[in-house]
Amino acid sequence: MTAVRSQFNSRIGFIMAAAGSAVGLGNIWGFPTQVASNGGAAFVLVYLILTFLLAYPVLIVEMTIGRYAQSNVVSALSKLSDNKIAANFGYGIGLYAIIVACLMLSFYAIISGWLFAHLIGSLSSIIGFPDFETWLYENTVSRNLIFAAIFATLTIYVVAKGIEKGIEKWSKTLMPILLIILVLLAGYTLTLPGALAGVRVYLLPDFSSLANPSIYINALGQSFFSLSLGIGGMIVYGSYLSKNESIPKIGATVALFDVLIAFLAGLLIIPALYAALHYGANIYDANGLLTSGESLIFEVLPILFDIIGTSGIIVSILFFFLLSIAALTSAISILEVPVSLVIETQNLTRRKATLLTGGAVFCVSAITIINFDILFPLILDFTTKYSITLISAIFCIYVGWIWKRTNLLKELQRGSSDISNSLFWKIWPNYVKFVCPVLIALIFTQFFV
Ligand code: PHE
């Protein structure tokens, strides 16, 4: 039985879905947080350079593998070579990517649950249910379980509807809303007193922080996570991309969109921090660094929302809605990674496969919520720090060393017939073969020193 493989219905549909995947907590939470804890504008600079030099080429690697293989991530690598060993190793790497995807989704659902709780909290502050509000803002196991479950249900609902009617439709609706809210919020923040000091920190680099190796490691991890690399998410989306599209061009659009959103998010959050400082909030942690992560999003910014009065309630609703949208469009792409495997190997309907996989991932979330202090940091490091860079390097090695150059060229020529004369084709294949794995490995070794 060979059913016709689903496809995104239009170019803009693919771009919105892939950008929806890329633009997530990584951009709106992770990026400003990293900027705050890695020396401001110097980090922005390194991030932009690494996105262009490493993450973009790897994005093209994933999309090209996916569109050629027309399969889930476990079988994809094995299709690049006739060699048995390379094929079996490819299966192994594919399975590893599936495990990382499931773990990543499990922590994504937890954080997104917190965001949902704060969104409902901001809404209920209008109506005035003080007890309910207190419960929503308290970090308890019951609240975290309930809201992670709500988020997981919504993610399952969208993915179960399929590529065109679920993922594409929802991304096409939500991404423009996200962009509008982000621009509005950033514009508003810049009018607040004190915000300009934040713009300075954000845009004027202090080059001395470039001497610190951790800036490169953090920027690399951030840019790979942000472009959804290293779990095969872009392999799976690439497998639903029409053969008439030019992969390098469409990939560049997605990467630019992702960087733009991260940049705008920084322009919202760093100036907001300094506006909070202006109003008397403490924006530094015990080590004298700018606050980052949870305390930035759930403590310092809400202080600002409180101080600015009635408009603060609206800003707070919009802010948590923005984060929730970003989280949802990314989570659906992460869930699609294991779901596509289950559909293609277990002969299940999409609905059943999605429920089963999403349910299993929620169980992991629940176990993590109950054993939060031990499991959460472990899962976070295992997935975002070590695994996605390692798997990305292996994807590059498969495309550079194992896939026949003529077949690779043929795939890229679909949708860009003159590519063999382009600068892209002169540089990218050797770049992916030699430079990317070495650079990734170099930065990877820094994790262990
Ligand atoms: N890119 C998403 C973010 O920035 C996370 C993600 C990683 C999504 C891997 C899909 C696959 O939050």
# chains A, B, ... in the order shown; residues from 1 in each chain; ligands from 1
>>> residues_around(residues="region 58-73 of chain A", least_positions_apart="4", cutoff="6 Å", atoms="only C-alpha atoms", output="ChimeraX atom specification")
/A:94,232,234-236,238-239,340-341
>>> select_by_dssp(residues="region 263-428 of chain A", states="alpha helix (DSSP H)", output="JSON, numbers by chain")
{"A": [263, 264, 265, 266, 267, 268, 269, 270, 271, 272, 273, 274, 275, 276, 277, 278, 293, 294, 295, 301, 302, 303, 304, 305, 306, 307, 310, 311, 312, 313, 314, 315, 316, 317, 318, 319, 320, 321, 322, 323, 324, 325, 326, 327, 328, 329, 330, 331, 332, 333, 334, 335, 336, 337, 338, 339, 340, 341, 342, 343, 344, 345, 346, 350, 351, 352, 353, 354, 355, 356, 357, 358, 359, 360, 361, 362, 363, 364, 365, 366, 367, 368, 369, 370, 372, 373, 374, 375, 376, 377, 378, 379, 380, 388, 389, 390, 391, 392, 393, 394, 395, 396, 397, 405, 406, 407, 408, 409, 410, 411, 412, 413, 423, 424, 425, 426, 427, 428]}
>>> residues_around(residues="region 106-116 of chain A", least_positions_apart="3", cutoff="7 Å", atoms="only C-alpha atoms", output="mmCIF file with C-alpha atoms, in the first residue's frame")
data_model
loop_
_atom_site.group_PDB
_atom_site.id
_atom_site.type_symbol
_atom_site.label_atom_id
_atom_site.label_comp_id
_atom_site.auth_asym_id
_atom_site.auth_seq_id
_atom_site.Cartn_x
_atom_site.Cartn_y
_atom_site.Cartn_z
ATOM 1 C CA CYS A 102 10.298 13.326 22.320
ATOM 2 C CA LEU A 103 12.383 14.563 25.250
ATOM 3 C CA LEU A 119 -1.835 34.005 30.044
ATOM 4 C CA ILE A 120 -4.987 32.829 31.829
ATOM 5 C CA ASN A 144 2.114 22.395 36.045
ATOM 6 C CA PHE A 147 -1.336 23.215 32.009
ATOM 7 C CA ALA A 148 1.197 20.880 30.395
ATOM 8 C CA PHE A 151 -0.777 22.381 25.931
ATOM 9 C CA ALA A 152 -0.190 18.758 24.909
ATOM 10 C CA PHE A 320 1.954 35.691 27.162
ATOM 11 C CA LEU A 323 4.841 33.309 23.748
ATOM 12 C CA SER A 324 2.037 30.743 23.667
ATOM 13 C CA ALA A 327 5.431 27.664 21.541
ATOM 14 C CA VAL A 361 5.358 12.291 25.509
ATOM 15 C CA PHE A 362 2.952 13.787 28.028
ATOM 16 C CA VAL A 364 7.439 11.950 30.183
ATOM 17 C CA SER A 365 6.414 15.557 30.917
#
>>> residues_around(residues="Phe434 (chain A)", least_positions_apart="5", cutoff="9 Å", atoms="only C-alpha atoms", output="ChimeraX atom specification")
/A:396-397,400,429,439
>>> write_last_selection(atoms="C-alpha atoms", output="short mmCIF file (atom, residue, chain, number, x, y, z; two decimals), in the first residue's frame")
data_model
loop_
_atom_site.label_atom_id
_atom_site.label_comp_id
_atom_site.auth_asym_id
_atom_site.auth_seq_id
_atom_site.Cartn_x
_atom_site.Cartn_y
_atom_site.Cartn_z
CA CYS A 396 26.38 17.00 7.44
CA ILE A 397 28.69 13.99 7.24
CA GLY A 400 29.03 15.53 2.45
CA PRO A 429 28.72 20.94 -0.81
CA LEU A 439 33.51 23.76 13.22
#
>>> residues_around(residues="Thr445 (chain A)", least_positions_apart="4", cutoff="12 Å", atoms="only C-alpha atoms", output="list in words")
Pro213, Ser214, Tyr216, Ile217, Lys385, Tyr386, Thr389, Leu390, Val438, Leu439, Ile440, Ala441 and Val449 of chain A
>>> write_last_selection(atoms="N, CA, C and O atoms", output="PDB file, in the first residue's frame")
ATOM      1  N   PRO A 213      35.134  31.950  25.573  1.00  0.00           N
ATOM      2  CA  PRO A 213      34.675  30.892  24.658  1.00  0.00           C
ATOM      3  C   PRO A 213      33.202  30.535  24.839  1.00  0.00           C
ATOM      4  O   PRO A 213      32.549  30.097  23.889  1.00  0.00           O
ATOM      5  N   SER A 214      32.665  30.740  26.032  1.00  0.00           N
ATOM      6  CA  SER A 214      31.285  30.277  26.238  1.00  0.00           C
ATOM      7  C   SER A 214      30.294  31.040  25.358  1.00  0.00           C
ATOM      8  O   SER A 214      29.215  30.542  25.042  1.00  0.00           O
ATOM      9  N   TYR A 216      30.592  31.555  22.244  1.00  0.00           N
ATOM     10  CA  TYR A 216      30.460  30.843  20.963  1.00  0.00           C
ATOM     11  C   TYR A 216      29.623  29.576  21.134  1.00  0.00           C
ATOM     12  O   TYR A 216      28.804  29.230  20.301  1.00  0.00           O
ATOM     13  N   ILE A 217      29.872  28.888  22.254  1.00  0.00           N
ATOM     14  CA  ILE A 217      29.121  27.651  22.510  1.00  0.00           C
ATOM     15  C   ILE A 217      27.644  27.986  22.661  1.00  0.00           C
ATOM     16  O   ILE A 217      26.777  27.338  22.067  1.00  0.00           O
ATOM     17  N   LYS A 385      21.888  20.895  24.489  1.00  0.00           N
ATOM     18  CA  LYS A 385      23.318  21.207  24.525  1.00  0.00           C
ATOM     19  C   LYS A 385      24.108  20.188  23.715  1.00  0.00           C
ATOM     20  O   LYS A 385      24.885  20.540  22.843  1.00  0.00           O
ATOM     21  N   TYR A 386      23.911  18.896  24.030  1.00  0.00           N
ATOM     22  CA  TYR A 386      24.758  17.886  23.396  1.00  0.00           C
ATOM     23  C   TYR A 386      24.164  17.311  22.119  1.00  0.00           C
ATOM     24  O   TYR A 386      24.814  17.256  21.083  1.00  0.00           O
ATOM     25  N   THR A 389      23.608  19.331  18.425  1.00  0.00           N
ATOM     26  CA  THR A 389      24.824  19.666  17.666  1.00  0.00           C
ATOM     27  C   THR A 389      25.458  18.392  17.106  1.00  0.00           C
ATOM     28  O   THR A 389      25.889  18.354  15.956  1.00  0.00           O
ATOM     29  N   LEU A 390      25.479  17.345  17.932  1.00  0.00           N
ATOM     30  CA  LEU A 390      26.072  16.079  17.484  1.00  0.00           C
ATOM     31  C   LEU A 390      25.310  15.522  16.280  1.00  0.00           C
ATOM     32  O   LEU A 390      25.904  15.152  15.250  1.00  0.00           O
ATOM     33  N   VAL A 438      33.802  20.125  11.086  1.00  0.00           N
ATOM     34  CA  VAL A 438      34.967  20.508  11.892  1.00  0.00           C
ATOM     35  C   VAL A 438      34.604  21.633  12.859  1.00  0.00           C
ATOM     36  O   VAL A 438      34.929  21.575  14.051  1.00  0.00           O
ATOM     37  N   LEU A 439      33.890  22.646  12.345  1.00  0.00           N
ATOM     38  CA  LEU A 439      33.510  23.760  13.219  1.00  0.00           C
ATOM     39  C   LEU A 439      32.586  23.295  14.344  1.00  0.00           C
ATOM     40  O   LEU A 439      32.773  23.653  15.506  1.00  0.00           O
ATOM     41  N   ILE A 440      31.624  22.448  13.977  1.00  0.00           N
ATOM     42  CA  ILE A 440      30.699  21.968  15.009  1.00  0.00           C
ATOM     43  C   ILE A 440      31.489  21.153  16.044  1.00  0.00           C
ATOM     44  O   ILE A 440      31.320  21.316  17.250  1.00  0.00           O
ATOM     45  N   ALA A 441      32.397  20.293  15.552  1.00  0.00           N
ATOM     46  CA  ALA A 441      33.178  19.457  16.478  1.00  0.00           C
ATOM     47  C   ALA A 441      34.028  20.325  17.397  1.00  0.00           C
ATOM     48  O   ALA A 441      34.127  20.070  18.596  1.00  0.00           O
ATOM     49  N   VAL A 449      35.295  21.057  28.342  1.00  0.00           N
ATOM     50  CA  VAL A 449      36.478  21.596  29.023  1.00  0.00           C
ATOM     51  C   VAL A 449      36.064  22.438  30.234  1.00  0.00           C
ATOM     52  O   VAL A 449      34.942  22.860  30.370  1.00  0.00           O
TER      53      VAL A 449
END
>>> residues_around(residues="Ile332 (chain A)", least_positions_apart="6", cutoff="9 Å", atoms="only C-alpha atoms", output="VMD selection string")
chain A and resid 21 155 to 156 158 to 159 167
>>> residues_near_ligand(ligand="ligand 1", cutoff="9 Å", atoms="only C-alpha atoms and all ligand atoms", output="ChimeraX atom specification")
/A:18-31,101,104-105,108,222-234,258,262,326-327,329-335,337,384,388
>>> closest_atom_pairs(of="region 262-315 of chain A", to="region 181-191 of chain A", cutoff="12 Å", atoms="only C-alpha atoms", output="JSON lines")
{"residue": "A:Ala262", "atom": "CA", "partner": "A:Leu182", "partner_atom": "CA", "distance": 10.2}
{"residue": "A:Phe263", "atom": "CA", "partner": "A:Ala186", "partner_atom": "CA", "distance": 10.5}
{"residue": "A:Leu264", "atom": "CA", "partner": "A:Ala186", "partner_atom": "CA", "distance": 7.0}
{"residue": "A:Ala265", "atom": "CA", "partner": "A:Leu182", "partner_atom": "CA", "distance": 7.0}
{"residue": "A:Gly266", "atom": "CA", "partner": "A:Ala186", "partner_atom": "CA", "distance": 8.7}
{"residue": "A:Leu267", "atom": "CA", "partner": "A:Ala186", "partner_atom": "CA", "distance": 6.1}
{"residue": "A:Leu268", "atom": "CA", "partner": "A:Ala186", "partner_atom": "CA", "distance": 4.3}
{"residue": "A:Ile269", "atom": "CA", "partner": "A:Ala186", "partner_atom": "CA", "distance": 7.9}
{"residue": "A:Ile270", "atom": "CA", "partner": "A:Thr189", "partner_atom": "CA", "distance": 9.6}
{"residue": "A:Pro271", "atom": "CA", "partner": "A:Leu190", "partner_atom": "CA", "distance": 6.7}
{"residue": "A:Ala272", "atom": "CA", "partner": "A:Thr189", "partner_atom": "CA", "distance": 5.9}
{"residue": "A:Leu273", "atom": "CA", "partner": "A:Thr189", "partner_atom": "CA", "distance": 9.7}
{"residue": "A:Tyr274", "atom": "CA", "partner": "A:Thr189", "partner_atom": "CA", "distance": 10.0}
{"residue": "A:Ala275", "atom": "CA", "partner": "A:Thr189", "partner_atom": "CA", "distance": 8.0}
{"residue": "A:Ala276", "atom": "CA", "partner": "A:Thr189", "partner_atom": "CA", "distance": 10.4}
{"residue": "A:Leu301", "atom": "CA", "partner": "A:Thr189", "partner_atom": "CA", "distance": 11.3}
{"residue": "A:Leu304", "atom": "CA", "partner": "A:Thr189", "partner_atom": "CA", "distance": 10.3}
{"residue": "A:Phe305", "atom": "CA", "partner": "A:Thr189", "partner_atom": "CA", "distance": 10.6}
{"residue": "A:Ile308", "atom": "CA", "partner": "A:Thr189", "partner_atom": "CA", "distance": 10.7}
{"residue": "A:Ser311", "atom": "CA", "partner": "A:Tyr188", "partner_atom": "CA", "distance": 10.3}
{"residue": "A:Gly312", "atom": "CA", "partner": "A:Thr189", "partner_atom": "CA", "distance": 10.7}
{"residue": "A:Ile314", "atom": "CA", "partner": "A:Leu185", "partner_atom": "CA", "distance": 10.1}
{"residue": "A:Val315", "atom": "CA", "partner": "A:Leu185", "partner_atom": "CA", "distance": 7.1}
>>> closest_atom_pairs(of="region 110-206 of chain A", to="region 13-16 of chain A", cutoff="7 Å", atoms="only C-alpha atoms", output="JSON lines")
{"residue": "A:Glu168", "atom": "CA", "partner": "A:Gly13", "partner_atom": "CA", "distance": 5.5}
{"residue": "A:Ser171", "atom": "CA", "partner": "A:Met16", "partner_atom": "CA", "distance": 5.6}
{"residue": "A:Lys172", "atom": "CA", "partner": "A:Met16", "partner_atom": "CA", "distance": 5.5}
{"residue": "A:Met175", "atom": "CA", "partner": "A:Met16", "partner_atom": "CA", "distance": 6.6}
>>> closest_residue(among="A:Ser209, A:His278, A:Leu45, A:Ser37", to="Ala197 (chain A)", atoms="only C-alpha atoms")
A:His278
>>> closest_residue(among="A:Asn218, A:Ser246, A:Ser292, A:Thr140", to="Phe424 (chain A)", atoms="only C-alpha atoms")
A:Ser246
